[in-house]
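> If it helps, the file is called upload.csv and holds CSV, C-alpha atoms and all ligand atoms:
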chain,number,residue,atom,x,y,z
A,1,MET,CA,8.7,-18.7,0.3
A,2,ALA,CA,9.6,-15.7,2.5
A,3,LEU,CA,7.0,-13.9,4.7
A,4,LEU,CA,8.2,-10.5,5.8
A,5,PRO,CA,6.9,-8.8,9.0
A,6,ILE,CA,4.4,-6.0,8.2
A,7,LEU,CA,5.0,-2.8,10.3
A,8,GLN,CA,2.0,-1.9,12.3
A,9,TYR,CA,0.6,1.7,12.7
A,10,PRO,CA,1.6,3.9,14.5
A,11,ASP,CA,5.2,2.6,13.9
A,12,PRO,CA,7.1,5.9,13.0
A,13,ARG,CA,9.0,4.0,10.3
A,14,LEU,CA,5.8,4.1,8.2
A,15,HIS,CA,6.4,7.8,7.8
A,16,THR,CA,9.7,7.3,6.0
A,17,VAL,CA,9.8,8.5,2.4
A,18,ALA,CA,11.0,5.7,0.1
A,19,ALA,CA,13.9,6.2,-2.3
A,20,PRO,CA,13.7,5.7,-6.1
A,21,VAL,CA,15.0,2.3,-7.5
A,22,ALA,CA,18.1,3.1,-9.5
A,23,ALA,CA,18.2,-0.3,-11.3
A,24,VAL,CA,15.7,-3.1,-11.5
A,25,ASN,CA,17.9,-6.0,-10.7
A,26,GLU,CA,17.8,-9.4,-9.0
A,27,GLU,CA,17.7,-7.8,-5.6
A,28,ILE,CA,14.5,-5.9,-6.6
A,29,ARG,CA,13.0,-9.0,-8.1
A,30,ARG,CA,13.6,-10.9,-4.9
A,31,LEU,CA,12.0,-8.1,-2.9
A,32,VAL,CA,8.9,-8.3,-5.3
A,33,LYS,CA,8.7,-12.0,-4.8
A,34,ASP,CA,8.9,-11.8,-1.0
A,35,MET,CA,6.4,-8.9,-1.0
A,36,ALA,CA,4.0,-11.0,-3.1
A,37,ASP,CA,4.3,-14.0,-0.7
A,38,THR,CA,3.6,-11.7,2.2
A,39,MET,CA,0.6,-9.9,0.5
A,40,TYR,CA,-1.1,-13.2,-0.5
A,41,ALA,CA,-0.5,-14.7,2.9
A,42,ALA,CA,-1.9,-11.7,4.9
A,43,PRO,CA,-4.2,-11.7,2.8
A,44,GLY,CA,-4.3,-8.3,1.1
A,45,VAL,CA,-4.9,-6.7,-2.3
A,46,GLY,CA,-1.8,-4.5,-2.2
A,47,LEU,CA,1.5,-3.9,-0.4
A,48,ALA,CA,4.2,-1.2,-0.5
A,49,ALA,CA,7.8,-1.9,0.3
A,50,PRO,CA,8.0,0.5,3.4
A,51,GLN,CA,5.3,-1.6,5.0
A,52,VAL,CA,7.9,-4.4,5.2
A,53,ASP,CA,10.7,-2.0,6.4
A,54,VAL,CA,12.2,-1.5,2.9
A,55,TYR,CA,12.4,2.1,1.9
A,56,ARG,CA,12.4,1.7,-1.9
A,57,ARG,CA,9.7,2.8,-4.4
A,58,VAL,CA,8.1,-0.6,-5.1
A,59,ILE,CA,4.4,-1.4,-4.8
A,60,ILE,CA,2.4,-4.6,-5.7
A,61,ILE,CA,-1.3,-5.0,-6.3
A,62,ASP,CA,-3.6,-8.0,-7.1
A,63,ILE,CA,-7.3,-7.2,-7.0
A,64,SER,CA,-8.2,-10.3,-9.1
A,65,GLU,CA,-10.6,-12.9,-7.6
A,66,PRO,CA,-8.4,-16.0,-8.3
A,67,ARG,CA,-5.4,-13.9,-7.0
A,68,ASP,CA,-3.4,-14.6,-10.1
A,69,GLN,CA,-2.9,-11.2,-11.6
A,70,LEU,CA,0.0,-9.6,-9.8
A,71,ARG,CA,0.8,-6.1,-10.9
A,72,VAL,CA,4.2,-4.6,-10.0
A,73,PHE,CA,4.9,-0.9,-10.1
A,74,ILE,CA,8.5,0.3,-9.6
A,75,ASN,CA,9.0,4.1,-9.2
A,76,PRO,CA,5.3,4.7,-9.8
A,77,GLU,CA,4.1,8.2,-10.7
A,78,ILE,CA,0.6,9.4,-11.2
A,79,VAL,CA,0.7,11.4,-14.4
A,80,ALA,CA,-3.0,12.2,-14.8
A,81,ARG,CA,-6.0,12.2,-12.5
A,82,SER,CA,-9.7,13.1,-12.8
A,83,GLY,CA,-13.0,12.9,-10.9
A,84,VAL,CA,-13.5,12.3,-7.2
A,85,SER,CA,-14.7,9.1,-5.5
A,86,ASP,CA,-15.2,8.0,-1.9
A,87,CYS,CA,-14.2,4.4,-1.2
A,88,GLU,CA,-13.8,2.3,1.9
A,89,GLU,CA,-10.1,1.4,2.5
A,90,GLY,CA,-8.3,-1.0,4.7
A,91,CYS,CA,-4.6,-1.4,5.3
A,92,LEU,CA,-2.4,-4.4,6.4
A,93,SER,CA,-0.5,-1.9,8.7
A,94,VAL,CA,-3.8,-0.9,10.4
A,95,PRO,CA,-5.6,-4.2,10.9
A,96,GLY,CA,-9.3,-4.3,11.5
A,97,ILE,CA,-9.9,-0.6,10.5
A,98,PHE,CA,-11.9,0.2,7.4
A,99,GLU,CA,-12.8,3.9,6.6
A,100,LYS,CA,-13.9,5.9,3.6
A,101,VAL,CA,-11.3,8.1,1.9
A,102,THR,CA,-11.8,10.6,-0.9
A,103,ARG,CA,-9.5,10.1,-3.9
A,104,ALA,CA,-9.3,10.7,-7.6
A,105,GLU,CA,-11.7,8.5,-9.5
A,106,ARG,CA,-9.5,7.8,-12.5
A,107,ILE,CA,-5.8,7.9,-12.8
A,108,THR,CA,-3.0,7.2,-15.2
A,109,VAL,CA,0.1,5.8,-13.6
A,110,ARG,CA,3.6,5.5,-15.1
A,111,ALA,CA,6.0,3.0,-13.7
A,112,LEU,CA,8.7,0.4,-14.4
A,113,ASP,CA,7.9,-3.3,-14.6
A,114,VAL,CA,10.1,-6.2,-13.1
A,115,GLN,CA,12.2,-6.1,-16.3
A,116,GLY,CA,12.8,-2.4,-15.9
A,117,ALA,CA,10.6,-1.4,-18.9
A,118,SER,CA,8.5,1.7,-18.6
A,119,PHE,CA,4.7,1.4,-19.0
A,120,GLU,CA,1.5,3.5,-18.4
A,121,LEU,CA,-1.8,2.2,-17.1
A,122,ASN,CA,-5.2,3.8,-16.9
A,123,ALA,CA,-7.1,2.7,-13.8
A,124,ASP,CA,-10.4,3.3,-12.1
A,125,GLY,CA,-12.4,1.6,-9.4
A,126,LEU,CA,-10.6,-0.4,-6.7
A,127,LEU,CA,-7.4,-0.5,-8.8
A,128,ALA,CA,-7.2,3.3,-8.9
A,129,VAL,CA,-7.9,3.4,-5.1
A,130,CYS,CA,-5.2,0.8,-4.4
A,131,ILE,CA,-2.6,2.5,-6.5
A,132,GLN,CA,-3.1,5.8,-4.8
A,133,HIS,CA,-3.1,4.1,-1.3
A,134,GLU,CA,0.1,2.3,-2.0
A,135,ILE,CA,1.9,5.3,-3.5
A,136,ASP,CA,0.9,7.2,-0.3
A,137,HIS,CA,2.9,4.5,1.6
A,138,LEU,CA,6.0,5.5,-0.5
A,139,GLU,CA,5.5,9.1,0.7
A,140,GLY,CA,5.2,8.0,4.3
A,141,ILE,CA,1.4,8.6,4.4
A,142,VAL,CA,-1.0,6.1,6.0
A,143,PHE,CA,-4.7,6.4,5.0
A,144,VAL,CA,-6.0,7.1,8.5
A,145,GLU,CA,-4.1,10.4,8.4
A,146,TYR,CA,-6.8,11.7,6.0
A,147,LEU,CA,-9.4,11.2,8.7
A,148,SER,CA,-10.5,13.7,11.4
A,149,ARG,CA,-8.4,14.0,14.6
A,150,LEU,CA,-11.2,12.4,16.6
A,151,LYS,CA,-11.4,9.4,14.3
A,152,GLN,CA,-7.6,9.0,14.4
A,153,GLN,CA,-7.6,9.1,18.2
A,154,ARG,CA,-10.3,6.4,18.3
A,155,ILE,CA,-8.4,4.2,15.8
A,156,LEU,CA,-5.2,4.6,17.9
A,157,ALA,CA,-7.0,3.5,21.0
A,158,LYS,CA,-8.6,0.5,19.2
A,159,LEU,CA,-5.2,-0.6,17.8
A,160,LYS,CA,-3.5,-0.2,21.3
A,161,LYS,CA,-6.3,-2.5,22.7
A,162,GLN,CA,-5.8,-5.0,19.9
A,163,GLN,CA,-2.0,-5.0,20.4
A,164,ARG,CA,-2.4,-5.5,24.2
A,165,GLN,CA,-4.7,-8.5,23.5
A,166,VAL,CA,-2.1,-10.1,21.2
A,167,MET,CA,0.7,-9.8,23.8
A,201,LIG,O1,-1.9,-2.4,3.4
A,201,LIG,C1,-2.1,-2.2,2.3
A,201,LIG,O2,-1.7,-1.2,1.7
A,201,LIG,C2,-3.0,-3.2,1.5
A,201,LIG,C3,-4.4,-2.9,1.5
A,201,LIG,C4,-4.8,-2.3,0.1
A,201,LIG,C5,-6.1,-1.6,0.0
A,201,LIG,C6,-7.3,-2.2,0.2
A,201,LIG,C7,-8.5,-1.5,0.0
A,201,LIG,C8,-8.5,-0.2,-0.3
A,201,LIG,C9,-7.3,0.4,-0.5
A,201,LIG,C10,-6.1,-0.2,-0.3
A,201,LIG,C11,-5.2,-4.2,1.8
A,201,LIG,O3,-5.1,-5.1,1.1
A,201,LIG,S1,-6.3,-4.2,3.1
A,201,LIG,C12,-7.0,-5.8,3.0
A,201,LIG,C13,-8.1,-5.9,2.1
A,201,LIG,O4,-8.7,-4.9,1.7
A,201,LIG,C14,-8.5,-7.2,1.5
A,201,LIG,C15,-7.9,-8.4,1.9
A,201,LIG,C16,-8.3,-9.6,1.3
A,201,LIG,C17,-9.2,-9.6,0.3
A,201,LIG,C18,-9.8,-8.4,-0.1
A,201,LIG,C19,-9.4,-7.2,0.5
A,202,ZN,ZN,-1.8,0.3,3.4
Hey, can you dump this file as structure tokens for me?

Amino acid sequence: MALLPILQYPDPRLHTVAAPVAAVNEEIRRLVKDMADTMYAAPGVGLAAPQVDVYRRVIIIDISEPRDQLRVFINPEIVARSGVSDCEEGCLSVPGIFEKVTRAERITVRALDVQGASFELNADGLLAVCIQHEIDHLEGIVFVEYLSRLKQQRILAKLKKQQRQVM
């Protein structure tokens, strides 16, 4: 089992745009396995490769209660979206902060699986929110950047205080 360190906001590396995966090979499957170990241990319901300092377009999600339905999306693309919904979000890179973000209510995502096969998935509810949140990480966007400047300043102050207490 390999646990990878998760970058903490405001680390500037979280703003790096991830590169597409050219071939789904053993290296990518190893990355997926290490990301899954890391997500389950955190614990979280999702993780994007840039959060563990790997700038490839790979995200994983498991919103199931027994934590046994890992979904892997390689080179994910949202090909349809509809509706609007406000949902409280968290992020393993922004510990202890939960804020409402407005996103599409329903999406269709196209991606490759761990065998390199293309698939499409229709999602709503928490799954749709998570997919959009994780794809944002691939674009170098952290969810707090959708909030007002004042809220962002307060969050930064809170995170700095938390980080001082850990040291
Ligand atoms: O850091 C991440 O991108 C993962 C993030 C995913 C997410 C959660 C909620 C809304 C949008 C995106 C998390 O997993 S934060 C932790 C969390 O929400 C959670 C942890 C354990 C059990 C249930 C939820
Ligand atoms: Zn996140």
> If you count only C-alpha atoms, which residues fall within 10 Å of Gly96 of chain A, apart from same-chain ones fewer than 4 positions away, as a list in words?
Gly90, Cys91, Leu92, Ile155, Lys158, Leu159 and Gln162 of chain A
> Quick one: residues within 9 Å of segment 44-60 of chain A, all atoms listed in the file counted, chain neighbours fewer than 4 positions away excluded, as a ChimeraX atom specification?
/A:4-8,13-21,28,31-32,35-36,38-40,64,67,70-76,91-93,130-131,133-135,137-138,140
> In terms of the shortest atom-to-atom distance over only C-alpha atoms, which of A:Lys33, A:Pro66, A:Glu88, A:Pro43 is closest to Val144 of chain A?
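Under the stated criterion, the closest residue is A:Glu88.
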> What separation in Å, quoted to one decimal, exists between atom CA of Glu65 of chain A and atom C6 of ligand LIG 201 (chain A)?
13.6 Å
> Calculated over all atoms listed in the file, which of the candidates A:Val142, A:Val166, A:Leu121, A:Ala22 has the smallest distance to ligand LIG 201 (chain A)?
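Between A:Val142, A:Val166, A:Leu121, A:Ala22, the residue approaching ligand LIG 201 (chain A) most closely is A:Val142.
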> So how far away is atom C4 of ligand LIG 201 (chain A) from atom CA of Ile78 of chain A, in Å?
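Spanning atom CA of Ile78 of chain A to atom C4 of ligand LIG 201 (chain A) is a straight-line distance of 17.1 Å.
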> Using all atoms listed in the file, can you tell me which of A:Ile141, A:Leu156, A:Val94, A:Leu112 comes closest to ligand LIG 201 (chain A)?
A:Val94
